[in-house]
file final-v1.pdb (PDB, C-alpha atoms, pLDDT in the B column)
ATOM      1  CA  MET A   1     -16.098-158.773 217.004  1.00 48.00           C
ATOM      2  CA  ILE A   2     -14.104-161.182 214.879  1.00 54.00           C
ATOM      3  CA  VAL A   3     -13.465-160.033 211.361  1.00 52.00           C
ATOM      4  CA  VAL A   4     -12.459-162.724 208.919  1.00 50.00           C
ATOM      5  CA  THR A   5     -10.383-161.265 206.140  1.00 50.00           C
ATOM      6  CA  PRO A   6     -10.423-163.411 203.036  1.00 47.00           C
ATOM      7  CA  SER A   7      -7.150-163.857 201.161  1.00 49.00           C
ATOM      8  CA  LYS A   8      -6.463-161.507 198.265  1.00 52.00           C
ATOM      9  CA  LYS A   9      -7.178-164.316 195.823  1.00 55.00           C
ATOM     10  CA  MET A  10     -10.498-165.121 197.448  1.00 51.00           C
ATOM     11  CA  ARG A  11     -11.587-161.477 197.311  1.00 49.00           C
ATOM     12  CA  LYS A  12     -10.741-161.301 193.656  1.00 56.00           C
ATOM     13  CA  GLU A  13     -12.745-164.418 192.882  1.00 53.00           C
ATOM     14  CA  ASP A  14     -15.630-163.230 195.022  1.00 52.00           C
ATOM     15  CA  SER A  15     -15.724-159.965 193.157  1.00 54.00           C
ATOM     16  CA  MET A  16     -16.039-161.943 189.959  1.00 68.00           C
ATOM     17  CA  ASN A  17     -18.823-163.915 191.554  1.00 81.00           C
ATOM     18  CA  ALA A  18     -18.475-166.914 189.265  1.00 86.00           C
ATOM     19  CA  LYS A  19     -21.744-168.725 188.821  1.00 87.00           C
ATOM     20  CA  GLU A  20     -20.154-171.945 187.595  1.00 91.00           C
ATOM     21  CA  GLU A  21     -16.692-173.463 187.644  1.00 94.00           C
ATOM     22  CA  LEU A  22     -15.295-175.642 184.891  1.00 96.00           C
ATOM     23  CA  ASP A  23     -12.265-177.849 185.486  1.00 96.00           C
ATOM     24  CA  CYS A  24     -10.311-178.430 182.260  1.00 96.00           C
ATOM     25  CA  ARG A  25      -7.076-179.508 183.941  1.00 96.00           C
ATOM     26  CA  GLY A  26      -5.239-182.199 182.000  1.00 95.00           C
ATOM     27  CA  LEU A  27      -7.281-181.652 178.840  1.00 95.00           C
ATOM     28  CA  ASN A  28      -5.649-180.727 175.564  1.00 95.00           C
ATOM     29  CA  CYS A  29      -6.764-178.802 172.478  1.00 93.00           C
ATOM     30  CA  PRO A  30      -9.613-178.463 171.560  1.00 95.00           C
ATOM     31  CA  LEU A  31     -11.403-179.879 174.638  1.00 96.00           C
ATOM     32  CA  PRO A  32     -11.081-176.825 176.957  1.00 96.00           C
ATOM     33  CA  ILE A  33     -12.741-174.668 174.274  1.00 96.00           C
ATOM     34  CA  LEU A  34     -15.487-177.206 173.524  1.00 96.00           C
ATOM     35  CA  LYS A  35     -16.282-177.668 177.211  1.00 96.00           C
ATOM     36  CA  THR A  36     -16.258-173.912 177.818  1.00 97.00           C
ATOM     37  CA  LYS A  37     -18.721-173.418 174.963  1.00 96.00           C
ATOM     38  CA  LYS A  38     -21.038-176.076 176.415  1.00 95.00           C
ATOM     39  CA  ALA A  39     -20.808-174.630 179.921  1.00 96.00           C
ATOM     40  CA  ILE A  40     -21.486-171.041 178.841  1.00 95.00           C
ATOM     41  CA  GLU A  41     -24.587-172.088 176.930  1.00 94.00           C
ATOM     42  CA  LYS A  42     -26.171-173.204 180.204  1.00 94.00           C
ATOM     43  CA  LEU A  43     -25.681-169.772 181.809  1.00 94.00           C
ATOM     44  CA  ALA A  44     -27.750-166.612 181.552  1.00 93.00           C
ATOM     45  CA  SER A  45     -26.462-163.395 179.997  1.00 93.00           C
ATOM     46  CA  GLY A  46     -24.194-161.569 182.475  1.00 92.00           C
ATOM     47  CA  ASP A  47     -23.277-164.714 184.436  1.00 93.00           C
ATOM     48  CA  VAL A  48     -19.573-165.415 184.967  1.00 94.00           C
ATOM     49  CA  LEU A  49     -17.944-168.764 184.257  1.00 95.00           C
ATOM     50  CA  LYS A  50     -14.634-169.684 185.848  1.00 95.00           C
ATOM     51  CA  VAL A  51     -12.444-172.024 183.789  1.00 96.00           C
ATOM     52  CA  ILE A  52      -9.244-173.664 185.010  1.00 96.00           C
ATOM     53  CA  ALA A  53      -6.972-175.213 182.369  1.00 96.00           C
ATOM     54  CA  THR A  54      -3.435-176.579 182.168  1.00 96.00           C
ATOM     55  CA  ASP A  55      -3.050-176.477 178.378  1.00 95.00           C
ATOM     56  CA  PRO A  56      -0.669-173.561 177.624  1.00 94.00           C
ATOM     57  CA  GLY A  57      -2.354-173.183 174.225  1.00 93.00           C
ATOM     58  CA  SER A  58      -5.662-172.428 175.934  1.00 93.00           C
ATOM     59  CA  SER A  59      -4.337-168.972 176.877  1.00 93.00           C
ATOM     60  CA  ASN A  60      -4.441-167.724 173.281  1.00 94.00           C
ATOM     61  CA  ASP A  61      -7.282-170.020 172.220  1.00 94.00           C
ATOM     62  CA  MET A  62      -9.643-168.824 174.929  1.00 96.00           C
ATOM     63  CA  ASP A  63      -9.000-165.207 173.829  1.00 95.00           C
ATOM     64  CA  ALA A  64      -9.800-166.108 170.218  1.00 94.00           C
ATOM     65  CA  TRP A  65     -12.933-168.005 171.215  1.00 96.00           C
ATOM     66  CA  ALA A  66     -14.087-165.110 173.412  1.00 96.00           C
ATOM     67  CA  ARG A  67     -13.580-162.572 170.605  1.00 94.00           C
ATOM     68  CA  ARG A  68     -15.469-164.663 168.055  1.00 93.00           C
ATOM     69  CA  THR A  69     -18.396-165.553 170.290  1.00 94.00           C
ATOM     70  CA  GLY A  70     -18.765-162.223 172.093  1.00 94.00           C
ATOM     71  CA  ASN A  71     -18.294-163.609 175.596  1.00 95.00           C
ATOM     72  CA  PRO A  72     -15.593-161.354 177.101  1.00 94.00           C
ATOM     73  CA  ILE A  73     -12.857-162.620 179.404  1.00 95.00           C
ATOM     74  CA  VAL A  74     -13.126-160.304 182.384  1.00 94.00           C
ATOM     75  CA  ASP A  75     -10.099-161.678 184.218  1.00 93.00           C
ATOM     76  CA  LYS A  76      -7.257-164.020 183.400  1.00 94.00           C
ATOM     77  CA  SER A  77      -4.363-165.288 185.476  1.00 94.00           C
ATOM     78  CA  GLU A  78      -1.590-167.826 185.286  1.00 94.00           C
ATOM     79  CA  GLY A  79       0.430-169.623 187.932  1.00 92.00           C
ATOM     80  CA  ASN A  80       1.779-173.063 188.860  1.00 92.00           C
ATOM     81  CA  GLY A  81       1.067-174.317 185.365  1.00 93.00           C
ATOM     82  CA  GLU A  82      -2.602-173.398 185.621  1.00 95.00           C
ATOM     83  CA  TYR A  83      -4.538-170.866 183.603  1.00 96.00           C
ATOM     84  CA  VAL A  84      -7.643-169.372 185.162  1.00 96.00           C
ATOM     85  CA  PHE A  85     -10.219-167.492 183.099  1.00 96.00           C
ATOM     86  CA  PHE A  86     -13.308-165.600 184.186  1.00 95.00           C
ATOM     87  CA  ILE A  87     -15.660-165.344 181.252  1.00 95.00           C
ATOM     88  CA  LYS A  88     -18.804-163.241 181.232  1.00 94.00           C
ATOM     89  CA  LYS A  89     -21.625-164.516 179.092  1.00 94.00           C
ATOM     90  CA  GLY A  90     -22.446-161.853 176.486  1.00 90.00           C
TER      91      GLY A  90
ATOM     92  CA  MET B   1     -26.688-164.634 163.547  1.00 55.00           C
ATOM     93  CA  ALA B   2     -26.516-162.199 160.632  1.00 58.00           C
ATOM     94  CA  ASN B   3     -22.735-162.119 160.285  1.00 80.00           C
ATOM     95  CA  GLN B   4     -22.204-165.806 160.987  1.00 91.00           C
ATOM     96  CA  LYS B   5     -19.127-167.211 159.278  1.00 95.00           C
ATOM     97  CA  LYS B   6     -19.278-170.363 157.232  1.00 97.00           C
ATOM     98  CA  MET B   7     -16.603-173.070 157.001  1.00 97.00           C
ATOM     99  CA  MET B   8     -16.259-175.959 154.598  1.00 97.00           C
ATOM    100  CA  MET B   9     -13.732-178.789 154.783  1.00 97.00           C
ATOM    101  CA  ILE B  10     -12.956-181.649 152.470  1.00 97.00           C
ATOM    102  CA  ALA B  11     -11.655-184.652 154.421  1.00 97.00           C
ATOM    103  CA  SER B  12      -9.893-186.948 151.963  1.00 97.00           C
ATOM    104  CA  ARG B  13      -7.791-189.131 154.267  1.00 96.00           C
ATOM    105  CA  GLY B  14      -8.884-191.807 156.697  1.00 94.00           C
ATOM    106  CA  SER B  15      -5.839-192.632 158.805  1.00 95.00           C
ATOM    107  CA  LEU B  16      -5.771-191.949 162.552  1.00 95.00           C
ATOM    108  CA  ASP B  17      -3.431-188.966 162.218  1.00 94.00           C
ATOM    109  CA  TRP B  18      -5.432-187.369 159.398  1.00 95.00           C
ATOM    110  CA  ALA B  19      -8.744-188.000 161.144  1.00 96.00           C
ATOM    111  CA  TYR B  20      -7.824-185.359 163.714  1.00 97.00           C
ATOM    112  CA  PRO B  21      -7.764-182.153 161.621  1.00 97.00           C
ATOM    113  CA  PRO B  22     -11.365-182.279 160.280  1.00 97.00           C
ATOM    114  CA  PHE B  23     -12.868-183.315 163.609  1.00 97.00           C
ATOM    115  CA  ILE B  24     -10.810-180.846 165.681  1.00 97.00           C
ATOM    116  CA  LEU B  25     -11.480-177.937 163.326  1.00 97.00           C
ATOM    117  CA  GLY B  26     -15.111-179.007 162.881  1.00 97.00           C
ATOM    118  CA  SER B  27     -15.942-179.191 166.593  1.00 97.00           C
ATOM    119  CA  THR B  28     -13.982-176.007 167.320  1.00 97.00           C
ATOM    120  CA  GLY B  29     -15.669-174.240 164.404  1.00 96.00           C
ATOM    121  CA  ALA B  30     -19.054-175.045 165.887  1.00 96.00           C
ATOM    122  CA  ALA B  31     -17.834-173.810 169.286  1.00 96.00           C
ATOM    123  CA  LEU B  32     -16.888-170.514 167.593  1.00 96.00           C
ATOM    124  CA  ASP B  33     -20.433-170.230 166.191  1.00 95.00           C
ATOM    125  CA  ILE B  34     -19.174-170.961 162.672  1.00 96.00           C
ATOM    126  CA  ASP B  35     -21.628-172.801 160.408  1.00 96.00           C
ATOM    127  CA  THR B  36     -19.468-175.837 159.608  1.00 97.00           C
ATOM    128  CA  SER B  37     -19.736-178.559 156.942  1.00 97.00           C
ATOM    129  CA  ILE B  38     -17.362-181.433 156.224  1.00 97.00           C
ATOM    130  CA  PHE B  39     -17.389-183.296 152.924  1.00 97.00           C
ATOM    131  CA  PHE B  40     -15.896-186.785 153.357  1.00 97.00           C
ATOM    132  CA  THR B  41     -14.431-188.203 150.181  1.00 97.00           C
ATOM    133  CA  PHE B  42     -12.096-191.044 149.162  1.00 96.00           C
ATOM    134  CA  TYR B  43     -10.370-192.531 152.241  1.00 96.00           C
ATOM    135  CA  GLY B  44     -11.871-189.783 154.379  1.00 96.00           C
ATOM    136  CA  LEU B  45     -15.261-191.399 153.829  1.00 97.00           C
ATOM    137  CA  THR B  46     -14.325-194.203 156.241  1.00 96.00           C
ATOM    138  CA  LEU B  47     -14.415-191.635 159.080  1.00 97.00           C
ATOM    139  CA  LEU B  48     -18.224-191.683 158.824  1.00 97.00           C
ATOM    140  CA  LEU B  49     -18.565-195.461 159.195  1.00 97.00           C
ATOM    141  CA  LYS B  50     -20.433-196.835 162.206  1.00 95.00           C
ATOM    142  CA  ASP B  51     -17.404-199.040 162.737  1.00 91.00           C
ATOM    143  CA  LEU B  52     -14.860-196.259 163.263  1.00 93.00           C
ATOM    144  CA  ASN B  53     -11.355-197.590 163.744  1.00 90.00           C
ATOM    145  CA  PRO B  54      -8.730-195.495 161.930  1.00 93.00           C
ATOM    146  CA  LYS B  55      -5.139-196.727 161.941  1.00 92.00           C
ATOM    147  CA  VAL B  56      -1.794-195.086 161.351  1.00 92.00           C
ATOM    148  CA  THR B  57       1.428-196.325 159.767  1.00 87.00           C
ATOM    149  CA  PRO B  58       4.927-194.839 159.626  1.00 86.00           C
ATOM    150  CA  ALA B  59       5.360-196.427 156.158  1.00 84.00           C
ATOM    151  CA  GLY B  60       6.004-193.672 153.634  1.00 82.00           C
ATOM    152  CA  ASN B  61       6.021-191.083 156.401  1.00 83.00           C
ATOM    153  CA  PRO B  62       9.630-190.471 157.484  1.00 82.00           C
ATOM    154  CA  ALA B  63       8.576-187.367 159.456  1.00 86.00           C
ATOM    155  CA  MET B  64       6.555-189.363 161.960  1.00 86.00           C
ATOM    156  CA  PRO B  65       8.235-189.310 165.395  1.00 86.00           C
ATOM    157  CA  MET B  66       8.524-192.821 166.820  1.00 86.00           C
ATOM    158  CA  LYS B  67       8.421-192.452 170.584  1.00 87.00           C
ATOM    159  CA  MET B  68       7.186-194.660 173.388  1.00 88.00           C
ATOM    160  CA  PRO B  69       4.249-193.426 175.495  1.00 88.00           C
ATOM    161  CA  PHE B  70       5.416-195.213 178.665  1.00 89.00           C
ATOM    162  CA  GLY B  71       8.486-195.592 180.862  1.00 90.00           C
ATOM    163  CA  PRO B  72      10.739-192.967 182.447  1.00 92.00           C
ATOM    164  CA  LYS B  73      10.987-189.543 180.881  1.00 90.00           C
ATOM    165  CA  TRP B  74      14.389-190.123 179.223  1.00 92.00           C
ATOM    166  CA  PHE B  75      12.993-193.297 177.617  1.00 90.00           C
ATOM    167  CA  GLN B  76       9.903-191.502 176.314  1.00 90.00           C
ATOM    168  CA  GLY B  77      12.163-188.863 174.785  1.00 89.00           C
ATOM    169  CA  LEU B  78      14.006-191.420 172.628  1.00 89.00           C
ATOM    170  CA  ASN B  79      13.196-191.520 168.931  1.00 87.00           C
ATOM    171  CA  TRP B  80      13.182-194.977 167.322  1.00 86.00           C
ATOM    172  CA  PRO B  81      13.890-194.603 163.629  1.00 81.00           C
ATOM    173  CA  MET B  82      12.228-197.463 161.749  1.00 81.00           C
ATOM    174  CA  PRO B  83      13.625-198.529 158.385  1.00 82.00           C
ATOM    175  CA  ASN B  84      11.002-199.383 155.766  1.00 81.00           C
ATOM    176  CA  ALA B  85      12.386-202.933 155.699  1.00 81.00           C
ATOM    177  CA  VAL B  86      11.186-203.353 159.295  1.00 82.00           C
ATOM    178  CA  ILE B  87       7.906-201.459 158.915  1.00 83.00           C
ATOM    179  CA  ASN B  88       6.878-203.523 155.927  1.00 84.00           C
ATOM    180  CA  ASN B  89       7.902-206.923 157.260  1.00 85.00           C
ATOM    181  CA  VAL B  90       6.923-207.080 160.905  1.00 86.00           C
ATOM    182  CA  PRO B  91       3.387-208.529 161.199  1.00 86.00           C
ATOM    183  CA  PHE B  92       0.847-206.221 162.841  1.00 88.00           C
ATOM    184  CA  PHE B  93       3.375-203.369 162.978  1.00 87.00           C
ATOM    185  CA  ASP B  94       0.644-200.872 162.034  1.00 88.00           C
ATOM    186  CA  SER B  95      -1.586-202.111 164.849  1.00 91.00           C
ATOM    187  CA  PHE B  96       1.299-201.662 167.270  1.00 90.00           C
ATOM    188  CA  VAL B  97       2.038-198.133 166.051  1.00 90.00           C
ATOM    189  CA  THR B  98      -1.680-197.289 166.138  1.00 93.00           C
ATOM    190  CA  SER B  99      -2.059-198.386 169.748  1.00 92.00           C
ATOM    191  CA  MET B 100       1.089-196.438 170.694  1.00 90.00           C
ATOM    192  CA  MET B 101      -0.275-193.284 169.064  1.00 92.00           C
ATOM    193  CA  LYS B 102      -3.671-193.678 170.744  1.00 92.00           C
ATOM    194  CA  LYS B 103      -1.941-194.100 174.098  1.00 92.00           C
ATOM    195  CA  THR B 104       0.192-191.006 173.510  1.00 91.00           C
ATOM    196  CA  PHE B 105      -2.870-188.912 172.627  1.00 92.00           C
ATOM    197  CA  LYS B 106      -4.670-190.155 175.723  1.00 93.00           C
ATOM    198  CA  ASN B 107      -1.651-189.433 177.952  1.00 91.00           C
ATOM    199  CA  LYS B 108      -1.583-185.864 176.637  1.00 91.00           C
ATOM    200  CA  GLY B 109      -5.271-185.267 177.317  1.00 94.00           C
ATOM    201  CA  VAL B 110      -6.296-185.255 173.648  1.00 95.00           C
ATOM    202  CA  ALA B 111      -9.780-186.546 172.855  1.00 95.00           C
ATOM    203  CA  SER B 112     -10.148-189.749 170.830  1.00 95.00           C
ATOM    204  CA  ILE B 113     -11.477-189.712 167.267  1.00 96.00           C
ATOM    205  CA  PRO B 114     -14.851-191.269 168.223  1.00 96.00           C
ATOM    206  CA  GLU B 115     -15.219-188.630 170.964  1.00 95.00           C
ATOM    207  CA  LEU B 116     -14.392-185.759 168.609  1.00 96.00           C
ATOM    208  CA  ARG B 117     -16.749-187.091 165.935  1.00 96.00           C
ATOM    209  CA  GLU B 118     -19.513-187.287 168.525  1.00 95.00           C
ATOM    210  CA  LEU B 119     -18.772-183.696 169.607  1.00 95.00           C
ATOM    211  CA  CYS B 120     -19.025-182.576 165.970  1.00 96.00           C
ATOM    212  CA  ILE B 121     -22.418-184.257 165.522  1.00 96.00           C
ATOM    213  CA  GLU B 122     -23.665-182.953 168.858  1.00 94.00           C
ATOM    214  CA  SER B 123     -22.747-179.375 167.960  1.00 94.00           C
ATOM    215  CA  GLY B 124     -24.465-179.510 164.573  1.00 95.00           C
ATOM    216  CA  VAL B 125     -21.540-179.910 162.168  1.00 97.00           C
ATOM    217  CA  LYS B 126     -22.953-181.030 158.815  1.00 97.00           C
ATOM    218  CA  MET B 127     -21.459-184.312 157.642  1.00 97.00           C
ATOM    219  CA  ILE B 128     -21.674-185.002 153.919  1.00 96.00           C
ATOM    220  CA  ALA B 129     -20.608-188.344 152.463  1.00 96.00           C
ATOM    221  CA  CYS B 130     -19.343-188.547 148.897  1.00 95.00           C
ATOM    222  CA  GLN B 131     -21.878-190.680 147.033  1.00 94.00           C
ATOM    223  CA  MET B 132     -19.389-191.621 144.313  1.00 94.00           C
ATOM    224  CA  THR B 133     -16.782-192.864 146.826  1.00 95.00           C
ATOM    225  CA  MET B 134     -19.463-194.895 148.576  1.00 93.00           C
ATOM    226  CA  ASP B 135     -20.323-196.611 145.291  1.00 93.00           C
ATOM    227  CA  VAL B 136     -16.677-197.170 144.309  1.00 95.00           C
ATOM    228  CA  PHE B 137     -15.663-198.717 147.633  1.00 95.00           C
ATOM    229  CA  GLY B 138     -18.860-200.747 147.899  1.00 95.00           C
ATOM    230  CA  PHE B 139     -20.398-199.209 151.009  1.00 95.00           C
ATOM    231  CA  THR B 140     -24.134-198.854 151.611  1.00 94.00           C
ATOM    232  CA  LYS B 141     -25.964-196.106 153.500  1.00 93.00           C
ATOM    233  CA  ASP B 142     -26.493-198.546 156.388  1.00 94.00           C
ATOM    234  CA  ASP B 143     -22.735-198.653 156.961  1.00 95.00           C
ATOM    235  CA  PHE B 144     -22.727-195.001 158.011  1.00 96.00           C
ATOM    236  CA  ILE B 145     -23.762-193.175 161.175  1.00 96.00           C
ATOM    237  CA  ASP B 146     -27.132-191.410 161.344  1.00 93.00           C
ATOM    238  CA  GLY B 147     -27.449-187.825 160.182  1.00 90.00           C
ATOM    239  CA  VAL B 148     -25.065-188.134 157.237  1.00 95.00           C
ATOM    240  CA  GLU B 149     -26.118-186.544 153.941  1.00 94.00           C
ATOM    241  CA  PHE B 150     -25.080-188.085 150.638  1.00 95.00           C
ATOM    242  CA  ALA B 151     -24.011-185.834 147.776  1.00 94.00           C
ATOM    243  CA  GLY B 152     -21.342-185.118 145.175  1.00 92.00           C
ATOM    244  CA  ALA B 153     -18.875-182.553 143.868  1.00 93.00           C
ATOM    245  CA  ALA B 154     -21.483-179.932 142.899  1.00 93.00           C
ATOM    246  CA  THR B 155     -22.897-179.876 146.440  1.00 93.00           C
ATOM    247  CA  ALA B 156     -19.389-179.616 147.889  1.00 93.00           C
ATOM    248  CA  LEU B 157     -18.564-176.694 145.615  1.00 94.00           C
ATOM    249  CA  GLU B 158     -21.852-174.925 146.264  1.00 93.00           C
ATOM    250  CA  ILE B 159     -21.165-174.988 150.002  1.00 95.00           C
ATOM    251  CA  ALA B 160     -17.541-173.962 149.392  1.00 95.00           C
ATOM    252  CA  SER B 161     -18.653-171.019 147.246  1.00 94.00           C
ATOM    253  CA  GLU B 162     -20.744-169.706 150.152  1.00 95.00           C
ATOM    254  CA  SER B 163     -18.036-170.322 152.758  1.00 96.00           C
ATOM    255  CA  ASP B 164     -15.608-167.839 154.299  1.00 96.00           C
ATOM    256  CA  ILE B 165     -13.150-170.593 155.204  1.00 96.00           C
ATOM    257  CA  GLN B 166     -12.215-173.643 153.139  1.00 96.00           C
ATOM    258  CA  PHE B 167      -9.833-176.506 153.863  1.00 96.00           C
ATOM    259  CA  PHE B 168      -8.729-179.486 151.855  1.00 96.00           C
ATOM    260  CA  LEU B 169      -7.426-182.109 154.239  1.00 94.00           C
TER     261      LEU B 169
END

call {"tool": "encode", "arguments": {"input": "final-v1.pdb", "output": "structure tokens"}}
result
Amino acid sequence: MIVVTPSKKMRKEDSMNAKEELDCRGLNCPLPILKTKKAIEKLASGDVLKVIATDPGSSNDMDAWARRTGNPIVDKSEGNGEYVFFIKKG
Amino acid sequence: MANQKKMMMIASRGSLDWAYPPFILGSTGAALDIDTSIFFTFYGLTLLLKDLNPKVTPAGNPAMPMKMPFGPKWFQGLNWPMPNAVINNVPFFDSFVTSMMKKTFKNKGVASIPELRELCIESGVKMIACQMTMDVFGFTKDDFIDGVEFAGAATALEIASESDIQFFL
């Protein structure tokens, strides 16, 4: 039997089971927030949205947006100039 | 939402640089579920015109960085100080500076003013035009985009008195 082991990153993303992915690379303030808001509105409560951004300011801004709107960030990572957020619709 | 916050801004300037704060804060306010209103008065009123084309000038603004949005990195890093004698005498200098600033914003992934205004309208930001300014500058209601309300100082203050956040821009 052949067992395919997904990479650590893949497993992590799978566990998050993102329903939608939003690419905000290259966009600057406030577009990542505005697009995230639009994307989350299309999802059902409990669904997870994955957002990828390159704006360093989006790290703090996404936290603030999540706190105010009650859509928690369940996972957040940074690497190679990219910021990846997993946001659960509240 | 029972505990929804309310925000009120007065936009009093109509140049390209000053068009950004009300539209950025307005669209972001709506994205944060804040009930947002913007009162456009004096030069800010022009930001509600159908023909939206704000310009910027370094005249009287010595803090404005003058950098080129193209060329190699070292070239883009250069600051070009512009004496008022040049700014005020070169024809179409403002148009040149305006196009440079628009290009810089675009290069940095910042939305344009028409885009941000559209995002504000789309997300339900209330746009109120100052009736008095409209009369003084000789505009008519037909000059403005749809969905604009027309009112005066008392309306602005009533909204401000109910708001958690107020800005004068």

call {"tool": "resolve_selection", "arguments": {"input": "final-v1.pdb", "expression": "the PyMOL selection byres ((chain B) within 8 of (chain A))", "output": "VMD selection string"}}
result
chain B and resid 24 27 to 28 31 to 33 108 to 111

call {"tool": "closest_residue", "arguments": {"input": "final-v1.pdb", "among": "A:Val74, A:Glu21, A:Pro32, A:Ala44", "to": "Met62 (chain A)", "atoms": "all atoms listed in the file"}}
result
A:Pro32

call {"tool": "closest_residue", "arguments": {"input": "final-v1.pdb", "among": "B:Asn53, B:Ile165, B:Gly147, B:Gln76", "to": "Asn107 (chain B)", "atoms": "only C-alpha atoms"}}
result
B:Gln76

call {"tool": "resolve_selection", "arguments": {"input": "final-v1.pdb", "expression": "the PyMOL selection byres ((chain B and resi 84-90) around 8)", "output": "list in words"}}
result
Pro58, Ala59, Gly60, Met82, Pro83, Pro91, Phe92, Phe93 and Asp94 of chain B

call {"tool": "closest_residue", "arguments": {"input": "final-v1.pdb", "among": "B:Ser95, B:Phe40, B:Trp80, B:Lys141", "to": "Pro62 (chain B)", "atoms": "only C-alpha atoms"}}
result
B:Trp80

call {"tool": "residues_around", "arguments": {"input": "final-v1.pdb", "residues": "Glu78 (chain A)", "least_positions_apart": "2", "cutoff": "10 Å", "atoms": "all atoms listed in the file", "output": "ChimeraX atom specification"}}
result
/A:52-54,56,59,76,80-85

call {"tool": "closest_residue", "arguments": {"input": "final-v1.pdb", "among": "B:Glu149, B:Glu122, B:Asp17, B:Asp164", "to": "Ile38 (chain B)", "atoms": "all atoms listed in the file"}}
result
B:Glu149

call {"tool": "residues_around", "arguments": {"input": "final-v1.pdb", "residues": "Asp143 (chain B)", "least_positions_apart": "5", "cutoff": "9 Å", "atoms": "all atoms listed in the file", "output": "count of residues only"}}
result
4

call {"tool": "atom_distance", "arguments": {"input": "final-v1.pdb", "atom1": "CA of Glu158 (chain B)", "atom2": "CA of Leu25 (chain B)"}}
result
20.2 Å

call {"tool": "atom_distance", "arguments": {"input": "final-v1.pdb", "atom1": "CA of Ile10 (chain B)", "atom2": "CA of Met132 (chain B)"}}
result
14.4 Å

call {"tool": "atom_distance", "arguments": {"input": "final-v1.pdb", "atom1": "CA of Leu45 (chain B)", "atom2": "CA of Phe168 (chain B)"}}
result
13.7 Å

call {"tool": "closest_residue", "arguments": {"input": "final-v1.pdb", "among": "B:Ile34, B:Leu157, B:Ala129, B:Leu119", "to": "Thr46 (chain B)", "atoms": "all atoms listed in the file"}}
result
B:Ala129

call {"tool": "resolve_selection", "arguments": {"input": "final-v1.pdb", "expression": "the PyMOL selection byres ((chain A and resi 73) around 6)", "output": "number ranges by chain"}}
result
A: 72, 74-75, 86-87

call {"tool": "residues_around", "arguments": {"input": "final-v1.pdb", "residues": "Leu47 (chain B)", "least_positions_apart": "4", "cutoff": "9 Å", "atoms": "all atoms listed in the file", "output": "PyMOL selection string"}}
result
chain B and resi 11+13-15+19+40+43+51-54+113+117

call {"tool": "axis_aligned_box", "arguments": {"input": "final-v1.pdb", "around": "region 3-16 of chain B", "padding_each_side": "4 Å", "output": "lines of an AutoDock Vina configuration file"}}
result
center_x = -14.3
center_y = -177.4
center_z = 157.3
size_x = 25.0
size_y = 38.5
size_z = 18.6

call {"tool": "closest_residue", "arguments": {"input": "final-v1.pdb", "among": "B:Leu116, B:Thr36, B:Gly26, B:Thr57", "to": "Met7 (chain B)", "atoms": "only C-alpha atoms"}}
result
B:Thr36

call {"tool": "decode", "arguments": {"input": "final-v1.pdb", "residues": "region 48-81 of chain A", "atoms": "C-alpha atoms", "output": "CSV table (one decimal), in the first residue's frame"}}
result
chain,number,residue,atom,x,y,z
A,48,VAL,CA,-13.1,29.3,7.1
A,49,LEU,CA,-11.7,31.9,4.7
A,50,LYS,CA,-8.0,31.8,3.7
A,51,VAL,CA,-6.5,35.2,2.9
A,52,ILE,CA,-3.1,35.8,1.5
A,53,ALA,CA,-1.7,39.3,1.6
A,54,THR,CA,1.6,41.1,1.1
A,55,ASP,CA,0.8,44.3,2.8
A,56,PRO,CA,2.7,44.3,6.2
A,57,GLY,CA,0.1,46.6,7.6
A,58,SER,CA,-2.6,43.9,7.0
A,59,SER,CA,-1.1,41.9,9.9
A,60,ASN,CA,-2.4,44.3,12.5
A,61,ASP,CA,-5.3,45.5,10.5
A,62,MET,CA,-6.8,42.0,10.0
A,63,ASP,CA,-6.6,41.5,13.8
A,64,ALA,CA,-8.5,44.8,14.4
A,65,TRP,CA,-11.1,43.9,11.7
A,66,ALA,CA,-11.6,40.5,13.2
A,67,ARG,CA,-12.1,41.8,16.7
A,68,ARG,CA,-14.6,44.4,15.6
A,69,THR,CA,-16.6,42.2,13.4
A,70,GLY,CA,-16.5,39.0,15.5
A,71,ASN,CA,-14.9,36.8,12.9
A,72,PRO,CA,-12.0,35.2,14.7
A,73,ILE,CA,-8.6,34.6,13.1
A,74,VAL,CA,-8.0,30.9,13.8
A,75,ASP,CA,-4.5,30.8,12.3
A,76,LYS,CA,-2.0,33.3,11.1
A,77,SER,CA,1.4,32.9,9.6
A,78,GLU,CA,4.1,34.9,7.9
A,79,GLY,CA,6.9,34.0,5.5
A,80,ASN,CA,8.6,35.2,2.3
A,81,GLY,CA,6.8,38.5,2.5
